Structure formats: structure tokens, C-alpha cells
$ cat coords28.cif   # mmCIF, C-alpha atoms
data_structure
loop_
_atom_site.group_PDB
_atom_site.id
_atom_site.type_symbol
_atom_site.label_atom_id
_atom_site.label_comp_id
_atom_site.auth_asym_id
_atom_site.auth_seq_id
_atom_site.Cartn_x
_atom_site.Cartn_y
_atom_site.Cartn_z
ATOM 1 C CA MET A 1 99.887 65.480 113.722
ATOM 2 C CA ALA A 2 97.280 65.263 111.021
ATOM 3 C CA ALA A 3 98.510 63.608 107.861
ATOM 4 C CA PRO A 4 99.103 66.347 105.335
ATOM 5 C CA ASP A 5 97.031 64.658 102.659
ATOM 6 C CA THR A 6 93.840 64.041 104.588
ATOM 7 C CA VAL A 7 90.533 65.861 104.521
ATOM 8 C CA VAL A 8 90.110 68.048 107.598
ATOM 9 C CA ASP A 9 86.545 68.225 108.895
ATOM 10 C CA LEU A 10 86.073 71.307 111.065
ATOM 11 C CA ALA A 11 83.129 69.900 113.037
ATOM 12 C CA GLU A 12 85.125 66.765 113.869
ATOM 13 C CA LYS A 13 88.086 68.828 114.974
ATOM 14 C CA PHE A 14 86.015 71.068 117.247
ATOM 15 C CA ALA A 15 84.292 67.973 118.711
ATOM 16 C CA ALA A 16 87.687 66.487 119.588
ATOM 17 C CA PHE A 17 88.611 68.856 122.413
ATOM 18 C CA ASP A 18 87.033 70.935 125.175
ATOM 19 C CA GLU A 19 89.965 73.010 126.435
ATOM 20 C CA LEU A 20 89.558 76.757 126.238
ATOM 21 C CA TRP A 21 92.198 79.150 124.903
ATOM 22 C CA ALA A 22 94.399 76.281 123.719
ATOM 23 C CA PRO A 23 94.671 76.446 119.916
ATOM 24 C CA LYS A 24 94.957 73.113 118.095
ATOM 25 C CA ILE A 25 96.766 72.949 114.773
ATOM 26 C CA ILE A 26 94.567 71.339 112.123
ATOM 27 C CA ALA A 27 96.416 72.136 108.889
ATOM 28 C CA GLN A 28 99.567 73.707 107.513
ATOM 29 C CA VAL A 29 99.870 75.831 104.370
ATOM 30 C CA ASN A 30 103.530 76.483 103.679
ATOM 31 C CA GLU A 31 104.739 78.153 106.899
ATOM 32 C CA LEU A 32 101.249 79.027 108.098
ATOM 33 C CA HIS A 33 99.181 77.059 110.581
ATOM 34 C CA VAL A 34 95.415 76.799 110.578
ATOM 35 C CA LYS A 35 94.296 76.381 114.189
ATOM 36 C CA ALA A 36 90.978 75.586 115.859
ATOM 37 C CA VAL A 37 90.341 77.127 119.262
ATOM 38 C CA LYS A 38 87.453 77.395 121.716
ATOM 39 C CA VAL A 39 87.284 80.516 123.842
ATOM 40 C CA LEU A 40 85.117 81.840 126.648
ATOM 41 C CA GLY A 41 85.716 84.838 128.866
ATOM 42 C CA GLU A 42 88.545 87.316 128.568
ATOM 43 C CA PHE A 43 92.038 86.492 127.317
ATOM 44 C CA VAL A 44 95.124 88.578 128.082
ATOM 45 C CA TRP A 45 96.233 91.704 126.267
ATOM 46 C CA HIS A 46 99.143 90.834 124.032
ATOM 47 C CA GLN A 47 100.656 91.554 120.638
ATOM 48 C CA HIS A 48 102.534 89.673 117.930
ATOM 49 C CA ASP A 49 105.496 91.758 116.861
ATOM 50 C CA ASP A 50 106.314 89.757 113.761
ATOM 51 C CA THR A 51 103.005 88.648 112.309
ATOM 52 C CA ASP A 52 99.401 89.467 111.516
ATOM 53 C CA GLU A 53 96.814 87.166 113.105
ATOM 54 C CA THR A 54 93.525 86.185 111.504
ATOM 55 C CA PHE A 55 90.422 85.288 113.504
ATOM 56 C CA ILE A 56 87.554 83.496 111.710
ATOM 57 C CA VAL A 57 84.449 82.853 113.822
ATOM 58 C CA VAL A 58 82.815 79.486 113.182
ATOM 59 C CA ALA A 59 80.264 79.565 116.039
ATOM 60 C CA GLY A 60 79.374 82.017 118.784
ATOM 61 C CA ARG A 61 80.457 85.607 119.050
ATOM 62 C CA LEU A 62 83.816 87.236 119.704
ATOM 63 C CA THR A 63 84.860 90.724 120.673
ATOM 64 C CA ILE A 64 88.418 91.748 119.931
ATOM 65 C CA SER A 65 89.518 94.780 121.928
ATOM 66 C CA LEU A 66 92.219 96.724 120.091
ATOM 67 C CA GLU A 67 94.555 99.333 121.556
ATOM 68 C CA GLY A 68 93.556 102.787 120.399
ATOM 69 C CA ARG A 69 90.738 101.566 118.159
ATOM 70 C CA ASP A 70 87.107 100.580 118.481
ATOM 71 C CA ASP A 71 86.389 97.018 119.539
ATOM 72 C CA VAL A 72 85.659 94.569 116.738
ATOM 73 C CA GLN A 73 82.558 92.355 117.012
ATOM 74 C CA LEU A 74 82.542 89.077 115.084
ATOM 75 C CA GLY A 75 79.810 86.502 114.544
ATOM 76 C CA PRO A 76 79.728 83.236 112.589
ATOM 77 C CA GLY A 77 81.203 83.547 109.112
ATOM 78 C CA GLN A 78 83.083 86.741 109.891
ATOM 79 C CA LEU A 79 86.814 87.279 110.010
ATOM 80 C CA PHE A 80 89.224 89.957 111.105
ATOM 81 C CA VAL A 81 92.957 90.368 110.679
ATOM 82 C CA VAL A 82 94.725 91.878 113.694
ATOM 83 C CA PRO A 83 97.693 93.743 112.210
ATOM 84 C CA CYS A 84 101.208 92.878 113.228
ATOM 85 C CA GLY A 85 102.252 94.671 116.406
ATOM 86 C CA LEU A 86 98.804 95.860 117.482
ATOM 87 C CA PRO A 87 97.935 95.064 121.129
ATOM 88 C CA HIS A 88 94.659 93.162 121.297
ATOM 89 C CA CYS A 89 92.539 91.157 123.717
ATOM 90 C CA PRO A 90 89.883 88.636 122.597
ATOM 91 C CA VAL A 91 86.775 88.414 124.789
ATOM 92 C CA ALA A 92 83.851 86.002 124.416
ATOM 93 C CA SER A 93 80.732 86.366 126.560
ATOM 94 C CA GLU A 94 79.514 82.998 125.260
ATOM 95 C CA GLU A 95 81.629 80.057 124.070
ATOM 96 C CA CYS A 96 83.047 80.846 120.676
ATOM 97 C CA HIS A 97 84.700 78.535 118.155
ATOM 98 C CA LEU A 98 87.365 80.102 116.002
ATOM 99 C CA LEU A 99 89.872 79.388 113.307
ATOM 100 C CA LEU A 100 93.199 81.186 113.538
ATOM 101 C CA LEU A 101 95.626 81.717 110.676
ATOM 102 C CA GLU A 102 99.169 82.530 111.757
ATOM 103 C CA PRO A 103 102.711 81.342 111.120
ATOM 104 C CA ALA A 104 103.896 78.083 112.653
ATOM 105 C CA GLY A 105 105.477 78.811 116.002
ATOM 106 C CA THR A 106 103.341 81.844 116.844
ATOM 107 C CA PRO A 107 102.700 81.743 120.607
ATOM 108 C CA ASN A 108 99.059 82.305 121.530
ATOM 109 C CA THR A 109 100.002 84.950 124.080
ATOM 110 C CA GLY A 110 102.454 86.762 121.801
ATOM 111 C CA ASP A 111 104.705 88.998 123.886
ATOM 112 C CA ARG A 112 103.162 87.696 127.153
ATOM 113 C CA PRO A 113 104.594 84.176 127.546
ATOM 114 C CA ASP A 114 104.575 84.745 131.305
ATOM 115 C CA THR A 115 100.812 84.315 131.698
ATOM 116 C CA ASP A 116 98.977 81.121 132.581
ATOM 117 C CA ARG A 117 97.108 81.392 129.280
ATOM 118 C CA THR A 118 100.196 80.413 127.298
ATOM 119 C CA ALA A 119 99.522 77.084 125.554
ATOM 120 C CA ALA A 120 101.876 74.615 123.933
ATOM 121 C CA GLU A 121 101.498 73.964 120.213
ATOM 122 C CA GLN A 122 99.527 70.799 119.536
ATOM 123 C CA TRP A 123 98.234 69.099 116.389
ATOM 124 C CA ILE A 124 94.937 67.280 116.480
ATOM 125 C CA MET B 1 90.956 96.515 98.146
ATOM 126 C CA ALA B 2 89.270 95.873 101.457
ATOM 127 C CA ALA B 3 90.494 98.079 104.243
ATOM 128 C CA PRO B 4 92.843 95.980 106.341
ATOM 129 C CA ASP B 5 91.081 96.839 109.574
ATOM 130 C CA THR B 6 87.511 95.984 108.642
ATOM 131 C CA VAL B 7 85.386 92.984 109.515
ATOM 132 C CA VAL B 8 85.051 90.637 106.542
ATOM 133 C CA ASP B 9 81.655 88.956 106.263
ATOM 134 C CA LEU B 10 81.904 85.829 104.146
ATOM 135 C CA ALA B 11 78.225 85.785 103.131
ATOM 136 C CA GLU B 12 78.459 89.408 101.968
ATOM 137 C CA LYS B 13 81.570 88.666 99.969
ATOM 138 C CA PHE B 14 80.051 85.649 98.227
ATOM 139 C CA ALA B 15 76.899 87.670 97.483
ATOM 140 C CA ALA B 16 79.008 90.346 95.799
ATOM 141 C CA PHE B 17 79.987 88.397 92.697
ATOM 142 C CA ASP B 18 78.702 85.694 90.363
ATOM 143 C CA GLU B 19 81.738 84.908 88.219
ATOM 144 C CA LEU B 20 82.969 81.341 88.290
ATOM 145 C CA TRP B 21 86.604 80.319 88.692
ATOM 146 C CA ALA B 22 87.687 83.913 89.402
ATOM 147 C CA PRO B 23 89.038 84.080 92.978
ATOM 148 C CA LYS B 24 88.442 87.362 94.835
ATOM 149 C CA ILE B 25 90.862 88.436 97.535
ATOM 150 C CA ILE B 26 89.030 89.184 100.785
ATOM 151 C CA ALA B 27 91.847 89.401 103.328
ATOM 152 C CA GLN B 28 95.615 89.328 103.672
ATOM 153 C CA VAL B 29 97.604 87.697 106.486
ATOM 154 C CA ASN B 30 101.245 88.628 106.110
ATOM 155 C CA GLU B 31 102.102 87.409 102.589
ATOM 156 C CA LEU B 32 99.080 85.126 102.338
ATOM 157 C CA HIS B 33 95.794 85.937 100.648
ATOM 158 C CA VAL B 34 92.406 84.631 101.710
ATOM 159 C CA LYS B 35 90.268 84.354 98.579
ATOM 160 C CA ALA B 36 86.596 83.628 97.936
ATOM 161 C CA VAL B 37 85.724 81.750 94.755
ATOM 162 C CA LYS B 38 82.650 80.184 93.172
ATOM 163 C CA VAL B 39 83.185 77.147 90.988
ATOM 164 C CA LEU B 40 81.059 74.888 88.818
ATOM 165 C CA GLY B 41 82.187 72.264 86.351
ATOM 166 C CA GLU B 42 85.743 71.168 85.724
ATOM 167 C CA PHE B 43 88.803 73.417 86.001
ATOM 168 C CA VAL B 44 92.120 72.712 84.288
ATOM 169 C CA TRP B 45 94.856 70.420 85.527
ATOM 170 C CA HIS B 46 97.667 72.539 86.929
ATOM 171 C CA GLN B 47 100.199 72.702 89.729
ATOM 172 C CA HIS B 48 101.809 75.333 91.931
ATOM 173 C CA ASP B 49 105.545 74.705 92.010
ATOM 174 C CA ASP B 50 106.280 77.052 94.887
ATOM 175 C CA THR B 51 103.355 76.801 97.246
ATOM 176 C CA ASP B 52 100.763 74.648 98.961
ATOM 177 C CA GLU B 53 97.140 75.596 98.267
ATOM 178 C CA THR B 54 94.317 75.251 100.775
ATOM 179 C CA PHE B 55 90.699 74.684 99.763
ATOM 180 C CA ILE B 56 87.974 75.273 102.380
ATOM 181 C CA VAL B 57 84.426 74.472 101.251
ATOM 182 C CA VAL B 58 81.793 76.923 102.517
ATOM 183 C CA ALA B 59 78.830 75.644 100.471
ATOM 184 C CA GLY B 60 78.283 72.860 97.944
ATOM 185 C CA ARG B 61 80.625 70.026 97.167
ATOM 186 C CA LEU B 62 84.032 69.862 95.512
ATOM 187 C CA THR B 63 86.087 67.036 94.090
ATOM 188 C CA ILE B 64 89.811 67.585 93.759
ATOM 189 C CA SER B 65 91.454 65.162 91.364
ATOM 190 C CA LEU B 66 95.112 64.586 92.262
ATOM 191 C CA GLU B 67 97.800 63.083 90.070
ATOM 192 C CA GLY B 68 98.646 59.587 91.250
ATOM 193 C CA ARG B 69 96.301 59.690 94.261
ATOM 194 C CA ASP B 70 92.648 59.093 95.006
ATOM 195 C CA ASP B 71 90.293 61.993 94.390
ATOM 196 C CA VAL B 72 89.432 64.091 97.421
ATOM 197 C CA GLN B 73 85.761 64.832 98.145
ATOM 198 C CA LEU B 74 84.941 67.930 100.201
ATOM 199 C CA GLY B 75 81.657 69.208 101.629
ATOM 200 C CA PRO B 76 80.806 72.275 103.703
ATOM 201 C CA GLY B 77 83.165 72.795 106.616
ATOM 202 C CA GLN B 78 85.890 70.599 105.155
ATOM 203 C CA LEU B 79 89.319 71.617 103.996
ATOM 204 C CA PHE B 80 92.210 70.097 102.121
ATOM 205 C CA VAL B 81 95.746 71.261 101.467
ATOM 206 C CA VAL B 82 97.080 70.408 98.006
ATOM 207 C CA PRO B 83 100.822 70.005 98.506
ATOM 208 C CA CYS B 84 103.270 72.165 96.610
ATOM 209 C CA GLY B 85 104.031 70.752 93.163
ATOM 210 C CA LEU B 86 101.216 68.206 93.010
ATOM 211 C CA PRO B 87 99.131 68.353 89.807
ATOM 212 C CA HIS B 88 95.460 68.744 90.640
ATOM 213 C CA CYS B 89 92.125 69.581 89.043
ATOM 214 C CA PRO B 90 89.086 70.856 90.986
ATOM 215 C CA VAL B 91 85.685 69.671 89.757
ATOM 216 C CA ALA B 92 82.259 70.710 91.060
ATOM 217 C CA SER B 93 79.109 68.991 89.837
ATOM 218 C CA GLU B 94 77.046 71.647 91.634
ATOM 219 C CA GLU B 95 78.001 75.252 92.354
ATOM 220 C CA CYS B 96 80.498 75.314 95.175
ATOM 221 C CA HIS B 97 81.687 78.249 97.277
ATOM 222 C CA LEU B 98 85.241 78.023 98.524
ATOM 223 C CA LEU B 99 87.876 79.863 100.454
ATOM 224 C CA LEU B 100 91.436 79.562 99.202
ATOM 225 C CA LEU B 101 94.568 80.237 101.251
ATOM 226 C CA GLU B 102 97.681 80.865 99.207
ATOM 227 C CA PRO B 103 100.466 83.421 98.901
ATOM 228 C CA ALA B 104 99.759 86.772 97.309
ATOM 229 C CA GLY B 105 100.509 86.553 93.604
ATOM 230 C CA THR B 106 99.643 82.872 93.215
ATOM 231 C CA PRO B 107 98.001 82.472 89.776
ATOM 232 C CA ASN B 108 94.796 80.433 89.860
ATOM 233 C CA THR B 109 96.001 78.250 87.007
ATOM 234 C CA GLY B 110 99.495 77.719 88.404
ATOM 235 C CA ASP B 111 101.795 76.483 85.643
ATOM 236 C CA ARG B 112 99.025 76.837 83.020
ATOM 237 C CA PRO B 113 98.747 80.609 82.457
ATOM 238 C CA ASP B 114 97.926 79.853 78.817
ATOM 239 C CA THR B 115 94.360 78.682 79.501
ATOM 240 C CA ASP B 116 91.226 80.798 79.351
ATOM 241 C CA ARG B 117 90.617 79.993 83.028
ATOM 242 C CA THR B 118 93.450 82.258 84.137
ATOM 243 C CA ALA B 119 91.985 85.129 86.187
ATOM 244 C CA ALA B 120 93.480 88.451 87.243
ATOM 245 C CA GLU B 121 93.910 89.106 90.956
ATOM 246 C CA GLN B 122 91.087 91.226 92.337
ATOM 247 C CA TRP B 123 90.131 92.444 95.808
ATOM 248 C CA ILE B 124 86.493 92.773 96.727
#
$ encode --input "coords28.cif" --output "C-alpha cells"
Amino acid sequence: MAAPDTVVDLAEKFAAFDELWAPKIIAQVNELHVKAVKVLGEFVWHQHDDTDETFIVVAGRLTISLEGRDDVQLGPGQLFVVPCGLPHCPVASEECHLLLLEPAGTPNTGDRPDTDRTAAEQWI
Amino acid sequence: MAAPDTVVDLAEKFAAFDELWAPKIIAQVNELHVKAVKVLGEFVWHQHDDTDETFIVVAGRLTISLEGRDDVQLGPGQLFVVPCGLPHCPVASEECHLLLLEPAGTPNTGDRPDTDRTAAEQWI
């Protein structure tokens, strides 16, 4: 776990892992985690019934498919908040580096813990 | 207020205002606000007795003076979480563009609402 009083360098954090779809916790603000994640390809449709989820693209491009709404396209320096309870599926046609903002303990696959995409929480 | 289901472009948001030390709310994640702020010069010493506060530097450089600890120096792509209750004072010798993560309703001057740096909450 990162010491709470250290400077967090995003480039260093993203350079420290290669795994895809496995969010790494890099900071905590009250009950909220800031996570770094690398993604490529299509994730699984899922929803978070008790929290919003924020995606901030640092590099690459991300599509977020949303149930009943138009897809959202994000590039570097763009963010989107998926509302609580809305089914969504992130898709990246090229490798994409993201920050996620969500409460500590939020599973990456939301209501779909049964899939092989489910990742354990890990600080880096 | 930004529609909750729109893409937020950080460059567009920072281009939309010139005021210094007046954080603009650009997104909400549950009870947390994501704010954009431009700073230059020295702020006021203050503390937030009920919340951590996260500083993420987008452009420029920021020094955060902390009571009883070494100053923290941040450049682009670096973040720091000021712990709840710790007196601090941001200082920027050149204009610096930041994101802040803190709960909705957090005053920018914390326990020092009496200073002329205190800014009203505003969405852009």
C-alpha cells in the first residue's frame, strides 16, 4: 500500500504493471479509491448498484457502452461518470490507460463476480 | 451544472474560466465533487476538519506547505492527498491547473471562511 503522505506519480504507477483489466489502487480520499487500470478489448457488462463510477482517460481511447443510451467515446483528458445502477461495458480497441474513482471495496465487475474478469483489490 | 451523463473534457473546462483560486465543479461521483481550479501565488493556511483533499496537477507546478512536515512539490501528472485535519497552504510560483477531489460542500478555505479567498461553489 502506498504511504498516504507520498506524492503519487501517474506515469510511474502505469509503468509499474502490465496486467489488463486489473485496477490498482494508487490513492485514497476518505472512503474513495483512485485506481489506475490498463484495458484492451471488451470487458463484461455489469453494473454497480450502490455507487457511481468515474472513468478518466489518461492515454488511448475508450468506448463505454451503456444500456439504453448511446455509447460514450472518451479520449485523453476526458472523463465520464457512469451513474449508479446503470449497466455498462467498457471496450478499448487500442490499449487505454484509465483512472477510476469509486468507493473502496467496489468490485471491478460489479454485479458479475462470477466472471474471470473479476480482480482482487491491490495497492501499488 | 453539467449534465450528469455528458463527457467532461478537461481542456475545455480549463479554457472556460480565468479566475484564480475559485474551484469549478466539473463532475460528481456519489457525494464527491471533481473540481478544476487555476492557481497562482500563495493561498491561505487552512485545514479541512472532516475530509481529506486530493490535488492532481494537470499543468504547471504546485507546492503544498504542510504543518510540521516537508513541503510537497507536484508537477503535471502527480497527485497528493492532504490528510483530514492537516493545516496546509498551496503555493504556485507559476500558474498551475489542478483537479481537486473532495466532498460536495467542502469550502475551499476550510476553517478560514473569513478570508477573501473563500469562493462560492460553482458548476461549469
$ interface_residues --input "coords28.cif" --of "chain B" --to "chain A" --cutoff "10 Å" --atoms "only C-alpha atoms" --output "NGL selection string"
:B and (4-12 or 26-32 or 34 or 50-54 or 56 or 58 or 69 or 72-84 or 101-103)
$ residues_around --input "coords28.cif" --residues "Lys13 of chain A" --least-positions-apart "4" --cutoff "10 Å" --atoms "all atoms listed in the file" --output "ChimeraX atom specification"
/A:8-9,17,24-26,35-37,124
$ atom_distance --input "coords28.cif" --atom1 "atom CA of Val91 of chain B" --atom2 "atom CA of Ala104 of chain B"
23.4 Å
$ residues_around --input "coords28.cif" --residues "Asp18 of chain B" --least-positions-apart "2" --cutoff "12 Å" --atoms "only C-alpha atoms" --output "CSV table (one decimal) with C-alpha atoms, in the frame of the given file"
chain,number,residue,atom,x,y,z
B,13,LYS,CA,81.6,88.7,100.0
B,14,PHE,CA,80.1,85.6,98.2
B,15,ALA,CA,76.9,87.7,97.5
B,16,ALA,CA,79.0,90.3,95.8
B,20,LEU,CA,83.0,81.3,88.3
B,21,TRP,CA,86.6,80.3,88.7
B,22,ALA,CA,87.7,83.9,89.4
B,23,PRO,CA,89.0,84.1,93.0
B,24,LYS,CA,88.4,87.4,94.8
B,36,ALA,CA,86.6,83.6,97.9
B,37,VAL,CA,85.7,81.8,94.8
B,38,LYS,CA,82.6,80.2,93.2
B,39,VAL,CA,83.2,77.1,91.0
B,40,LEU,CA,81.1,74.9,88.8
B,95,GLU,CA,78.0,75.3,92.4
B,96,CYS,CA,80.5,75.3,95.2
B,97,HIS,CA,81.7,78.2,97.3
$ closest_residue --input "coords28.cif" --among "A:Thr118, A:Gln47, A:Thr63, A:Thr106" --to "Ser93 of chain A" --atoms "only C-alpha atoms"
A:Thr63
$ atom_distance --input "coords28.cif" --atom1 "atom CA of Gly60 of chain B" --atom2 "atom CA of His33 of chain A"
24.8 Å
$ closest_residue --input "coords28.cif" --among "A:Arg117, A:Thr109, A:Ser65, A:Val57" --to "Cys89 of chain A" --atoms "all atoms listed in the file"
A:Ser65
$ closest_residue --input "coords28.cif" --among "B:Leu98, B:Gly68, B:Trp45, B:Glu19" --to "Asp114 of chain B" --atoms "all atoms listed in the file"
B:Trp45
$ closest_residue --input "coords28.cif" --among "A:Pro113, A:Leu100, A:Asp71, A:Leu62" --to "Glu42 of chain A" --atoms "all atoms listed in the file"
A:Leu62
$ atom_distance --input "coords28.cif" --atom1 "atom CA of Gly85 of chain B" --atom2 "atom CA of Asp49 of chain B"
4.4 Å
$ decode --input "coords28.cif" --residues "segment 90-102 of chain B" --atoms "C-alpha atoms" --output "PDB file, in the first residue's frame"
ATOM      1  CA  PRO B  90      -0.862  25.675  -1.609  1.00  0.00           C
ATOM      2  CA  VAL B  91       1.655  27.920  -3.371  1.00  0.00           C
ATOM      3  CA  ALA B  92       2.275  28.210  -7.120  1.00  0.00           C
ATOM      4  CA  SER B  93       5.160  30.271  -8.460  1.00  0.00           C
ATOM      5  CA  GLU B  94       3.746  29.836 -11.974  1.00  0.00           C
ATOM      6  CA  GLU B  95       0.116  29.366 -12.988  1.00  0.00           C
ATOM      7  CA  CYS B  96      -0.941  25.848 -12.151  1.00  0.00           C
ATOM      8  CA  HIS B  97      -4.024  23.928 -13.268  1.00  0.00           C
ATOM      9  CA  LEU B  98      -5.342  21.390 -10.804  1.00  0.00           C
ATOM     10  CA  LEU B  99      -8.085  18.903 -10.224  1.00  0.00           C
ATOM     11  CA  LEU B 100      -9.424  18.627  -6.693  1.00  0.00           C
ATOM     12  CA  LEU B 101     -11.336  15.661  -5.276  1.00  0.00           C
ATOM     13  CA  GLU B 102     -13.339  16.420  -2.166  1.00  0.00           C
TER      14      GLU B 102
END
